[in-house]
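Asks: What follows is run.cif; its format and atoms are mmCIF, C-alpha atoms.
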```
data_final
loop_
_atom_site.group_PDB
_atom_site.id
_atom_site.type_symbol
_atom_site.label_atom_id
_atom_site.label_comp_id
_atom_site.auth_asym_id
_atom_site.auth_seq_id
_atom_site.Cartn_x
_atom_site.Cartn_y
_atom_site.Cartn_z
ATOM 1 C CA MET A 16 -5.247 -76.942 52.221
ATOM 2 C CA ARG A 17 -1.664 -76.382 53.354
ATOM 3 C CA LEU A 18 -1.594 -73.090 51.474
ATOM 4 C CA LEU A 19 -4.804 -72.035 53.226
ATOM 5 C CA LEU A 20 -3.335 -72.807 56.653
ATOM 6 C CA VAL A 21 -0.240 -70.783 55.832
ATOM 7 C CA PHE A 22 -2.435 -67.884 54.718
ATOM 8 C CA LEU A 23 -4.528 -68.018 57.942
ATOM 9 C CA ALA A 24 -1.370 -68.139 60.050
ATOM 10 C CA PHE A 25 -0.087 -65.073 58.220
ATOM 11 C CA VAL A 26 -3.374 -63.204 58.847
ATOM 12 C CA LEU A 27 -3.304 -64.039 62.563
ATOM 13 C CA PHE A 28 0.349 -63.014 62.779
ATOM 14 C CA SER A 29 -0.441 -59.699 61.044
ATOM 15 C CA LEU A 30 -3.315 -59.004 63.416
ATOM 16 C CA GLY A 31 -1.097 -59.754 66.395
ATOM 17 C CA VAL A 32 1.616 -57.399 65.134
ATOM 18 C CA ARG A 33 -0.960 -54.677 64.478
ATOM 19 C CA TRP A 34 -2.461 -55.084 67.973
ATOM 20 C CA PHE A 35 1.002 -54.864 69.544
ATOM 21 C CA TYR A 36 1.867 -51.739 67.560
ATOM 22 C CA VAL A 37 -1.460 -49.936 68.030
ATOM 23 C CA CYS A 38 -2.200 -50.948 71.629
ATOM 24 C CA GLN A 39 1.161 -51.505 73.250
ATOM 25 C CA ILE A 40 3.399 -49.061 71.399
ATOM 26 C CA ARG A 41 1.042 -46.256 70.390
ATOM 27 C CA GLY A 42 -1.308 -46.739 73.359
ATOM 28 C CA GLU A 43 -4.449 -46.275 71.267
ATOM 29 C CA CYS A 44 -6.460 -49.109 72.828
ATOM 30 C CA GLY A 45 -8.581 -48.409 75.900
ATOM 31 C CA PRO A 46 -8.194 -45.053 77.672
ATOM 32 C CA LYS A 47 -6.641 -42.289 75.585
ATOM 33 C CA LEU A 48 -3.660 -40.304 76.735
ATOM 34 C CA GLU A 49 -3.469 -36.743 75.425
ATOM 35 C CA ASN A 50 -0.525 -34.793 76.818
ATOM 36 C CA GLY A 51 -0.667 -36.989 79.905
ATOM 37 C CA THR A 52 -4.463 -36.623 80.219
ATOM 38 C CA LEU A 53 -6.474 -39.832 80.702
ATOM 39 C CA ARG A 54 -9.566 -39.975 78.495
ATOM 40 C CA LEU A 55 -12.017 -42.834 79.006
ATOM 41 C CA SER A 56 -14.158 -43.351 75.902
ATOM 42 C CA THR A 57 -17.311 -44.347 77.791
ATOM 43 C CA LEU A 58 -19.295 -41.086 77.782
ATOM 44 C CA GLU A 59 -22.896 -41.579 76.714
ATOM 45 C CA LEU A 60 -26.301 -39.905 76.542
ATOM 46 C CA GLN A 61 -29.436 -41.931 77.247
ATOM 47 C CA ALA A 62 -33.075 -40.849 77.185
ATOM 48 C CA ASP A 63 -36.180 -42.915 77.943
ATOM 49 C CA GLY A 64 -34.099 -46.070 78.148
ATOM 50 C CA LYS A 65 -32.576 -45.537 74.700
ATOM 51 C CA THR A 66 -28.939 -44.820 73.977
ATOM 52 C CA ILE A 67 -28.688 -41.589 71.999
ATOM 53 C CA LEU A 68 -24.890 -41.188 72.029
ATOM 54 C CA SER A 69 -22.181 -43.569 73.197
ATOM 55 C CA GLY A 70 -18.455 -44.236 73.010
ATOM 56 C CA TYR A 71 -17.358 -40.620 73.338
ATOM 57 C CA ASP A 72 -14.377 -39.326 75.293
ATOM 58 C CA HIS A 73 -15.092 -38.062 78.778
ATOM 59 C CA PHE A 74 -14.336 -34.456 79.549
ATOM 60 C CA PHE A 75 -11.184 -33.568 81.426
ATOM 61 C CA PHE A 76 -10.599 -30.950 84.136
ATOM 62 C CA PRO A 77 -7.202 -30.357 85.751
ATOM 63 C CA THR A 78 -7.152 -30.881 89.520
ATOM 64 C CA ASN A 79 -8.946 -28.052 91.390
ATOM 65 C CA SER A 80 -10.061 -26.493 88.105
ATOM 66 C CA ALA A 81 -13.483 -25.886 86.547
ATOM 67 C CA VAL A 82 -12.049 -25.067 83.119
ATOM 68 C CA PRO A 83 -12.467 -28.085 80.813
ATOM 69 C CA GLU A 84 -9.759 -29.072 78.348
ATOM 70 C CA LEU A 85 -11.974 -29.952 75.391
ATOM 71 C CA ASN A 86 -10.834 -32.201 72.567
ATOM 72 C CA GLU A 87 -12.530 -32.715 69.209
ATOM 73 C CA ASP A 88 -14.522 -35.681 70.511
ATOM 74 C CA ASN A 89 -15.908 -33.578 73.377
ATOM 75 C CA ARG A 90 -16.999 -30.872 70.937
ATOM 76 C CA LYS A 91 -18.757 -33.423 68.724
ATOM 77 C CA PHE A 92 -20.588 -34.788 71.772
ATOM 78 C CA LEU A 93 -21.732 -31.278 72.754
ATOM 79 C CA ASP A 94 -22.811 -30.511 69.182
ATOM 80 C CA LYS A 95 -24.904 -33.677 68.974
ATOM 81 C CA THR A 96 -26.352 -33.165 72.468
ATOM 82 C CA ALA A 97 -27.477 -29.685 71.408
ATOM 83 C CA VAL A 98 -29.105 -31.150 68.274
ATOM 84 C CA PHE A 99 -30.890 -33.753 70.432
ATOM 85 C CA LEU A 100 -32.328 -30.984 72.616
ATOM 86 C CA PHE A 101 -33.358 -28.925 69.585
ATOM 87 C CA ASP A 102 -35.177 -31.961 68.147
ATOM 88 C CA ASN A 103 -36.848 -32.855 71.468
ATOM 89 C CA ALA A 104 -38.407 -29.663 72.794
ATOM 90 C CA ARG A 105 -39.938 -31.317 75.875
ATOM 91 C CA GLN A 106 -36.647 -32.718 77.083
ATOM 92 C CA LYS A 107 -34.524 -30.949 79.644
ATOM 93 C CA LEU A 108 -31.044 -31.965 80.681
ATOM 94 C CA CYS A 109 -29.502 -32.371 84.117
ATOM 95 C CA ILE A 110 -25.726 -31.991 84.016
ATOM 96 C CA THR A 111 -23.947 -33.563 86.980
ATOM 97 C CA GLY A 112 -20.438 -32.464 87.837
ATOM 98 C CA ASN A 113 -18.155 -34.766 89.819
ATOM 99 C CA TYR A 114 -15.203 -33.759 91.939
ATOM 100 C CA GLY A 115 -12.713 -35.542 94.155
ATOM 101 C CA LEU A 116 -12.723 -35.250 97.929
ATOM 102 C CA ASP A 117 -9.148 -34.036 97.575
ATOM 103 C CA GLU A 118 -10.476 -30.978 95.682
ATOM 104 C CA LYS A 119 -12.688 -29.572 98.432
ATOM 105 C CA GLY A 120 -10.379 -26.599 98.954
ATOM 106 C CA ALA A 121 -10.739 -25.322 95.379
ATOM 107 C CA ASP A 122 -11.991 -21.781 94.807
ATOM 108 C CA THR A 123 -15.466 -22.073 93.255
ATOM 109 C CA GLY A 124 -16.818 -18.518 93.227
ATOM 110 C CA PHE A 125 -20.306 -18.566 94.697
ATOM 111 C CA TYR A 126 -20.946 -22.191 93.730
ATOM 112 C CA GLU A 127 -20.901 -24.427 96.781
ATOM 113 C CA ASN A 128 -18.493 -26.928 95.278
ATOM 114 C CA LEU A 129 -16.339 -27.733 92.291
ATOM 115 C CA GLY A 130 -18.849 -30.244 90.930
ATOM 116 C CA LEU A 131 -21.468 -27.538 90.379
ATOM 117 C CA GLN A 132 -18.901 -25.188 88.913
ATOM 118 C CA ARG A 133 -17.725 -27.868 86.453
ATOM 119 C CA ALA A 134 -21.313 -28.684 85.486
ATOM 120 C CA ASN A 135 -21.956 -24.991 84.868
ATOM 121 C CA ALA A 136 -18.880 -24.750 82.626
ATOM 122 C CA ILE A 137 -20.307 -27.497 80.415
ATOM 123 C CA ARG A 138 -23.750 -25.860 80.544
ATOM 124 C CA GLN A 139 -22.207 -22.678 79.143
ATOM 125 C CA GLU A 140 -20.745 -24.720 76.282
ATOM 126 C CA LEU A 141 -24.272 -25.884 75.395
ATOM 127 C CA VAL A 142 -25.678 -22.364 75.822
ATOM 128 C CA SER A 143 -23.058 -21.121 73.351
ATOM 129 C CA ARG A 144 -24.493 -23.688 70.919
ATOM 130 C CA GLY A 145 -27.966 -22.176 71.236
ATOM 131 C CA VAL A 146 -29.521 -24.293 74.007
ATOM 132 C CA GLU A 147 -31.678 -22.267 76.408
ATOM 133 C CA GLU A 148 -30.099 -22.057 79.852
ATOM 134 C CA LYS A 149 -33.462 -22.698 81.538
ATOM 135 C CA ARG A 150 -33.514 -26.184 79.996
ATOM 136 C CA LEU A 151 -30.239 -27.114 81.721
ATOM 137 C CA SER A 152 -30.220 -27.902 85.438
ATOM 138 C CA LEU A 153 -27.203 -28.841 87.530
ATOM 139 C CA ASP A 154 -26.291 -31.433 90.141
ATOM 140 C CA TYR A 155 -23.105 -32.745 91.736
ATOM 141 C CA ASN A 156 -21.388 -35.765 93.243
ATOM 142 C CA ALA A 157 -18.252 -36.030 95.356
ATOM 143 C CA GLY A 158 -16.039 -39.100 95.572
ATOM 144 C CA ALA A 159 -12.544 -40.483 95.347
ATOM 145 C CA ALA A 160 -10.004 -38.763 93.132
ATOM 146 C CA THR A 161 -10.796 -41.264 90.341
ATOM 147 C CA VAL A 162 -14.160 -39.541 89.692
ATOM 148 C CA ARG A 163 -12.152 -37.011 87.682
ATOM 149 C CA GLN A 164 -11.868 -39.669 84.974
ATOM 150 C CA GLN A 165 -15.627 -39.274 84.447
ATOM 151 C CA PRO A 166 -16.273 -35.729 85.689
ATOM 152 C CA ILE A 167 -19.512 -34.965 83.819
ATOM 153 C CA GLU A 168 -22.736 -36.973 83.500
ATOM 154 C CA PHE A 169 -25.694 -36.095 81.264
ATOM 155 C CA ASN A 170 -29.239 -37.119 82.214
ATOM 156 C CA PRO A 171 -32.143 -35.947 80.022
ATOM 157 C CA PHE A 172 -35.587 -35.813 81.609
ATOM 158 C CA ASP A 173 -39.105 -34.939 80.512
ATOM 159 C CA VAL A 174 -40.835 -32.394 82.745
ATOM 160 C CA ALA A 175 -44.185 -34.000 81.946
ATOM 161 C CA ASN A 176 -43.082 -37.199 83.657
ATOM 162 C CA THR A 177 -42.999 -37.496 87.432
ATOM 163 C CA ILE A 178 -39.521 -37.246 88.883
ATOM 164 C CA ASP A 179 -38.565 -38.151 92.426
ATOM 165 C CA TYR A 180 -36.445 -35.113 93.183
ATOM 166 C CA ALA A 181 -36.496 -31.469 92.185
ATOM 167 C CA ARG A 182 -33.966 -30.351 89.572
ATOM 168 C CA LEU A 183 -32.120 -27.167 90.476
ATOM 169 C CA SER A 184 -31.069 -24.436 88.074
ATOM 170 C CA TYR A 185 -28.108 -22.953 89.949
ATOM 171 C CA THR A 186 -28.178 -19.733 87.925
ATOM 172 C CA PHE A 187 -27.606 -16.257 89.329
ATOM 173 C CA GLU A 188 -31.355 -15.559 89.034
ATOM 174 C CA ASP A 189 -32.310 -18.894 90.608
ATOM 175 C CA MET A 190 -29.569 -19.914 93.040
ATOM 176 C CA THR A 191 -29.714 -22.494 95.822
ATOM 177 C CA PHE A 192 -27.467 -22.951 98.855
ATOM 178 C CA SER A 193 -27.637 -25.872 101.245
ATOM 179 C CA ASP A 194 -24.293 -27.092 102.580
ATOM 180 C CA LEU A 195 -24.115 -26.464 106.329
ATOM 181 C CA ASN A 196 -26.135 -23.222 106.276
ATOM 182 C CA PHE A 197 -28.760 -24.729 108.586
ATOM 183 C CA LEU A 198 -28.495 -27.330 111.324
ATOM 184 C CA PRO A 199 -31.269 -29.929 111.765
ATOM 185 C CA ASP A 200 -34.471 -28.463 113.274
ATOM 186 C CA SER A 201 -32.878 -25.022 113.460
ATOM 187 C CA ALA A 202 -33.570 -21.686 111.773
ATOM 188 C CA ALA A 203 -30.229 -20.264 112.907
ATOM 189 C CA PHE A 204 -28.491 -19.082 109.756
ATOM 190 C CA LYS A 205 -24.726 -19.427 109.328
ATOM 191 C CA PRO A 206 -23.794 -18.103 105.877
ATOM 192 C CA GLY A 207 -20.993 -20.003 104.205
ATOM 193 C CA LEU A 208 -18.289 -18.367 102.117
ATOM 194 C CA TYR A 209 -20.087 -19.087 98.845
ATOM 195 C CA LEU A 210 -23.351 -17.574 100.015
ATOM 196 C CA VAL A 211 -21.507 -14.502 101.313
ATOM 197 C CA ARG A 212 -19.990 -14.004 97.850
ATOM 198 C CA TYR A 213 -23.369 -14.452 96.215
ATOM 199 C CA ALA A 214 -25.027 -12.023 98.643
ATOM 200 C CA ASP A 215 -22.487 -9.349 97.750
ATOM 201 C CA ALA A 216 -23.083 -9.873 94.007
ATOM 202 C CA LEU A 217 -26.833 -9.900 94.673
ATOM 203 C CA ARG A 218 -26.638 -6.559 96.497
ATOM 204 C CA GLN A 219 -24.807 -5.001 93.558
ATOM 205 C CA HIS A 220 -27.309 -6.482 91.087
ATOM 206 C CA LEU A 221 -30.307 -5.036 92.941
ATOM 207 C CA VAL A 222 -28.661 -1.617 93.111
ATOM 208 C CA LYS A 223 -28.163 -1.661 89.324
ATOM 209 C CA ASN A 224 -31.691 -3.004 88.700
ATOM 210 C CA PRO A 225 -34.107 -0.987 90.866
ATOM 211 C CA GLN A 226 -37.162 -2.811 89.485
ATOM 212 C CA ALA A 227 -35.883 -6.264 90.467
ATOM 213 C CA LYS A 228 -37.253 -8.018 93.546
ATOM 214 C CA LEU A 229 -36.022 -11.028 95.488
ATOM 215 C CA MET A 230 -37.995 -14.015 96.740
ATOM 216 C CA ILE A 231 -36.283 -16.165 99.381
ATOM 217 C CA VAL A 232 -37.654 -19.707 99.659
ATOM 218 C CA GLY A 233 -36.930 -21.863 102.694
ATOM 219 C CA HIS A 234 -36.819 -25.671 102.427
ATOM 220 C CA THR A 235 -36.433 -28.448 104.992
ATOM 221 C CA ASP A 236 -35.811 -32.175 105.182
ATOM 222 C CA ASN A 237 -38.713 -34.430 106.182
ATOM 223 C CA THR A 238 -37.770 -34.771 109.849
ATOM 224 C CA GLY A 239 -40.877 -33.858 111.864
ATOM 225 C CA ASP A 240 -44.411 -33.198 110.631
ATOM 226 C CA PRO A 241 -45.263 -31.171 107.491
ATOM 227 C CA LYS A 242 -46.794 -28.238 109.401
ATOM 228 C CA SER A 243 -43.738 -27.806 111.607
ATOM 229 C CA ASN A 244 -41.463 -28.091 108.586
ATOM 230 C CA PHE A 245 -43.418 -25.422 106.734
ATOM 231 C CA GLU A 246 -42.988 -23.073 109.700
ATOM 232 C CA LEU A 247 -39.302 -23.979 109.964
ATOM 233 C CA GLY A 248 -38.776 -23.268 106.266
ATOM 234 C CA LEU A 249 -40.377 -19.856 106.684
ATOM 235 C CA LYS A 250 -38.206 -19.047 109.701
ATOM 236 C CA ARG A 251 -35.123 -19.996 107.684
ATOM 237 C CA ALA A 252 -36.129 -17.724 104.824
ATOM 238 C CA GLN A 253 -36.794 -14.908 107.288
ATOM 239 C CA SER A 254 -33.390 -15.445 108.921
ATOM 240 C CA VAL A 255 -31.721 -15.063 105.527
ATOM 241 C CA MET A 256 -33.796 -11.964 104.787
ATOM 242 C CA ARG A 257 -32.596 -10.378 108.045
ATOM 243 C CA TYR A 258 -29.015 -11.130 107.056
ATOM 244 C CA LEU A 259 -29.505 -9.473 103.656
ATOM 245 C CA ARG A 260 -31.189 -6.503 105.289
ATOM 246 C CA GLU A 261 -28.070 -6.020 107.423
ATOM 247 C CA LEU A 262 -26.078 -5.881 104.166
ATOM 248 C CA GLY A 263 -28.218 -2.964 103.038
ATOM 249 C CA LEU A 264 -30.931 -4.603 100.921
ATOM 250 C CA ALA A 265 -34.282 -2.824 101.265
ATOM 251 C CA PRO A 266 -36.927 -4.947 103.076
ATOM 252 C CA ASP A 267 -39.650 -3.910 100.622
ATOM 253 C CA ARG A 268 -37.711 -5.564 97.789
ATOM 254 C CA MET A 269 -37.576 -8.974 99.500
ATOM 255 C CA THR A 270 -40.182 -11.631 100.244
ATOM 256 C CA ALA A 271 -39.713 -14.690 102.471
ATOM 257 C CA VAL A 272 -41.779 -17.822 101.741
ATOM 258 C CA SER A 273 -41.631 -21.524 102.599
ATOM 259 C CA GLU A 274 -41.986 -24.789 100.721
ATOM 260 C CA GLY A 275 -41.255 -26.880 103.804
ATOM 261 C CA GLU A 276 -40.438 -30.500 102.951
ATOM 262 C CA LYS A 277 -42.417 -30.594 99.687
ATOM 263 C CA HIS A 278 -39.568 -30.462 97.170
ATOM 264 C CA PRO A 279 -36.596 -32.643 98.175
ATOM 265 C CA ILE A 280 -33.575 -32.580 95.904
ATOM 266 C CA ALA A 281 -31.994 -35.683 97.467
ATOM 267 C CA PRO A 282 -33.106 -38.744 99.486
ATOM 268 C CA ASN A 283 -34.090 -37.958 103.061
ATOM 269 C CA GLU A 284 -32.933 -41.430 104.120
ATOM 270 C CA THR A 285 -29.312 -40.298 104.444
ATOM 271 C CA GLU A 286 -27.701 -37.476 106.416
ATOM 272 C CA VAL A 287 -26.069 -36.167 103.234
ATOM 273 C CA GLY A 288 -29.461 -36.049 101.526
ATOM 274 C CA ARG A 289 -31.162 -34.359 104.472
ATOM 275 C CA ARG A 290 -28.394 -31.748 104.601
ATOM 276 C CA ARG A 291 -28.910 -30.936 100.922
ATOM 277 C CA ASN A 292 -32.648 -30.603 101.479
ATOM 278 C CA ARG A 293 -32.107 -28.062 104.273
ATOM 279 C CA ARG A 294 -31.590 -25.227 101.859
ATOM 280 C CA VAL A 295 -32.582 -21.732 100.814
ATOM 281 C CA ASN A 296 -33.457 -20.689 97.268
ATOM 282 C CA PHE A 297 -32.964 -17.151 95.899
ATOM 283 C CA ILE A 298 -35.231 -16.186 92.992
ATOM 284 C CA ILE A 299 -34.778 -12.796 91.335
ATOM 285 C CA GLU A 300 -38.032 -11.599 89.787
#
```
Starting from the coordinates I provided, produce the structure as structure tokens.
Replies:
Amino acid sequence: MRLLLVFLAFVLFSLGVRWFYVCQIRGECGPKLENGTLRLSTLELQADGKTILSGYDHFFFPTNSAVPELNEDNRKFLDKTAVFLFDNARQKLCITGNYGLDEKGADTGFYENLGLQRANAIRQELVSRGVEEKRLSLDYNAGAATVRQQPIEFNPFDVANTIDYARLSYTFEDMTFSDLNFLPDSAAFKPGLYLVRYADALRQHLVKNPQAKLMIVGHTDNTGDPKSNFELGLKRAQSVMRYLRELGLAPDRMTAVSEGEKHPIAPNETEVGRRRNRRVNFIIE
């Protein structure tokens, strides 16, 4: 019995020494540090209430950057996510990019914010693995600087099932702009920097592709009645079309339509949600 107690004490001592060496000295317990980069190992993929992947390293983006620093764990997660989509043809994937409020001044091309740009960078990683771009929609969240520890979220969804909010593509051929372009109950159009950049690229695209046409879709929040919102959405689309016409786009290559309040992309119960729903959608046909 005494020998057994000595043996157990030795085992416990060995485990304690190993924990101290691995966790305290090498820092391999909990969040990983790679060249000063914090990596939480809590990334997961869930679908229909089931966990498909779990325990993977989160992606990392330097401050104000949309270029991910991928490690081997990230690549494995992307590989397996691609396989999941190949095996489940009805599933689509919404990729949400997070960014800190301290990163609002970052240059994001014609994406409205860094969250969308980061989500698109990860989308391109999946596209390079053979996933169709049309199966990958984008979304974004903004928060404290700590959101950079978990900058990307993956949410599969089945188109056949009813979803509360529309999923947006945010591709050049199907681009949406919402932030501060329209005030409540107003059709007055104030193009932001990102939309101005997109409009310039759009003009060049239509010049190079004379057969292409553009449909401009106006959307509203749910303030007011549906009929008034439909008319407001149309006026917003027409305001944008006038702006593009001033840039030199031919009127006969553009169509303005309205969806009114029918397809919210965020809750109308909050001002942030209503602002996102006051948007215009560009569809190149």
Asks: Using all atoms listed in the file, which protein or nucleic acid residues come within 7 Å of A:Val295? Drop anything in the same chain fewer than 2 positions from it, and give the result as a list in words.
Replies: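 Selected residues are Thr191, Phe192, Ser193, Ile231, Val232, Gly233, His234, Ala252 and Phe297 of chain A.
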Asks: How big is the axis-aligned box around the listed atoms of stretch 53-64 of chain A once 3 Å is added on each side, and where is its centre? Give both in Å to one decimal, as AutoDock Vina command-line options.
Replies:
```
--center_x -21.3 --center_y -43.0 --center_z 78.3 --size_x 35.7 --size_y 12.2 --size_z 10.8
```
Asks: Hey, what's within 6 Å of stretch 176-189 of chain A if we count only C-alpha atoms and toss same-chain stuff fewer than 6 positions away? As number ranges by chain, please?
Replies: A: 152-153, 278-280, 297-299
Asks: Considering all atoms listed in the file, return as a list in words whatever protein or nucleic-acid residues lie within 8 Å of stretch 75-86 of chain A, sequence-local ones (same chain, fewer than 4 positions apart) excluded.
Replies: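 Residues near the query, excluding close chain neighbours: Thr52, Leu53, Arg54, Arg90, Glu118, Gly120, Ala121, Asp122, Thr123, Leu129, Gln132, Arg133, Ala136, Ile137, Arg163, Gln164, Gln165 and Pro166 of chain A.
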Asks: Would you kindly translate the PyMOL selection byres ((chain A and resi 251) around 12) into the concrete residues it picks from this file, as number ranges by chain?
Replies: A: 193, 196-206, 231-235, 244-250, 252-258, 271-275, 293-296
Asks: Between A:Gly115, A:Gly288, A:Leu108, A:Leu58, which has the minimum distance to A:Lys91 (counting all atoms listed in the file)?
Replies: A:Leu58
Asks: Could you list, as a PDB file with C-alpha atoms, keeping the file's coordinate frame, every residue matched by the PyMOL selection byres ((chain A and resi 289) around 9) in this structure?
Replies:
```pdb
ATOM      1  CA  PRO A 199     -31.269 -29.929 111.765  1.00  0.00           C
ATOM      2  CA  THR A 235     -36.433 -28.448 104.992  1.00  0.00           C
ATOM      3  CA  ASP A 236     -35.811 -32.175 105.182  1.00  0.00           C
ATOM      4  CA  ASN A 237     -38.713 -34.430 106.182  1.00  0.00           C
ATOM      5  CA  THR A 238     -37.770 -34.771 109.849  1.00  0.00           C
ATOM      6  CA  PRO A 279     -36.596 -32.643  98.175  1.00  0.00           C
ATOM      7  CA  ALA A 281     -31.994 -35.683  97.467  1.00  0.00           C
ATOM      8  CA  PRO A 282     -33.106 -38.744  99.486  1.00  0.00           C
ATOM      9  CA  ASN A 283     -34.090 -37.958 103.061  1.00  0.00           C
ATOM     10  CA  GLU A 284     -32.933 -41.430 104.120  1.00  0.00           C
ATOM     11  CA  THR A 285     -29.312 -40.298 104.444  1.00  0.00           C
ATOM     12  CA  GLU A 286     -27.701 -37.476 106.416  1.00  0.00           C
ATOM     13  CA  VAL A 287     -26.069 -36.167 103.234  1.00  0.00           C
ATOM     14  CA  GLY A 288     -29.461 -36.049 101.526  1.00  0.00           C
ATOM     15  CA  ARG A 290     -28.394 -31.748 104.601  1.00  0.00           C
ATOM     16  CA  ARG A 291     -28.910 -30.936 100.922  1.00  0.00           C
ATOM     17  CA  ASN A 292     -32.648 -30.603 101.479  1.00  0.00           C
ATOM     18  CA  ARG A 293     -32.107 -28.062 104.273  1.00  0.00           C
TER      19      ARG A 293
END
```
Asks: Output stretch 151-173 of chain A with N, CA and C atoms present, as a short mmCIF file (atom, residue, chain, number, x, y, z; two decimals), keeping the file's coordinate frame.
Replies:
```
data_model
loop_
_atom_site.label_atom_id
_atom_site.label_comp_id
_atom_site.auth_asym_id
_atom_site.auth_seq_id
_atom_site.Cartn_x
_atom_site.Cartn_y
_atom_site.Cartn_z
N LEU A 151 -31.41 -26.41 81.22
CA LEU A 151 -30.24 -27.11 81.72
C LEU A 151 -30.11 -26.92 83.22
N SER A 152 -30.39 -27.96 83.99
CA SER A 152 -30.22 -27.90 85.44
C SER A 152 -28.90 -28.57 85.82
N LEU A 153 -28.50 -28.34 87.07
CA LEU A 153 -27.20 -28.84 87.53
C LEU A 153 -27.34 -29.71 88.77
N ASP A 154 -26.38 -30.61 88.93
CA ASP A 154 -26.29 -31.43 90.14
C ASP A 154 -24.81 -31.74 90.35
N TYR A 155 -24.51 -32.44 91.45
CA TYR A 155 -23.10 -32.74 91.74
C TYR A 155 -22.97 -34.03 92.53
N ASN A 156 -21.79 -34.62 92.43
CA ASN A 156 -21.39 -35.76 93.24
C ASN A 156 -19.95 -35.55 93.70
N ALA A 157 -19.63 -36.07 94.87
CA ALA A 157 -18.25 -36.03 95.36
C ALA A 157 -17.80 -37.46 95.62
N GLY A 158 -16.53 -37.74 95.36
CA GLY A 158 -16.04 -39.10 95.57
C GLY A 158 -14.53 -39.14 95.60
N ALA A 159 -14.00 -40.32 95.38
CA ALA A 159 -12.54 -40.48 95.35
C ALA A 159 -11.96 -39.71 94.17
N ALA A 160 -10.66 -39.54 94.18
CA ALA A 160 -10.00 -38.76 93.13
C ALA A 160 -10.27 -39.34 91.74
N THR A 161 -10.57 -40.63 91.65
CA THR A 161 -10.80 -41.26 90.34
C THR A 161 -12.05 -40.76 89.65
N VAL A 162 -12.96 -40.05 90.36
CA VAL A 162 -14.16 -39.54 89.69
C VAL A 162 -13.79 -38.52 88.62
N ARG A 163 -12.57 -37.98 88.69
CA ARG A 163 -12.15 -37.01 87.68
C ARG A 163 -12.00 -37.66 86.31
N GLN A 164 -11.93 -38.99 86.26
CA GLN A 164 -11.87 -39.67 84.97
C GLN A 164 -13.22 -39.63 84.26
N GLN A 165 -14.29 -39.40 85.02
CA GLN A 165 -15.63 -39.27 84.45
C GLN A 165 -16.32 -38.09 85.14
N PRO A 166 -15.85 -36.87 84.88
CA PRO A 166 -16.27 -35.73 85.69
C PRO A 166 -17.66 -35.17 85.37
N ILE A 167 -18.22 -35.53 84.21
CA ILE A 167 -19.51 -34.97 83.82
C ILE A 167 -20.46 -36.08 83.39
N GLU A 168 -21.69 -36.03 83.90
CA GLU A 168 -22.74 -36.97 83.50
C GLU A 168 -23.91 -36.18 82.94
N PHE A 169 -24.57 -36.75 81.93
CA PHE A 169 -25.69 -36.10 81.26
C PHE A 169 -26.95 -36.95 81.43
N ASN A 170 -28.01 -36.37 81.98
CA ASN A 170 -29.24 -37.12 82.21
C ASN A 170 -30.45 -36.32 81.74
N PRO A 171 -30.94 -36.62 80.51
CA PRO A 171 -32.14 -35.95 80.02
C PRO A 171 -33.37 -36.37 80.83
N PHE A 172 -34.33 -35.47 80.96
CA PHE A 172 -35.59 -35.81 81.61
C PHE A 172 -36.71 -35.00 81.00
N ASP A 173 -37.91 -35.57 81.05
CA ASP A 173 -39.10 -34.94 80.51
C ASP A 173 -39.90 -34.36 81.67
#
```
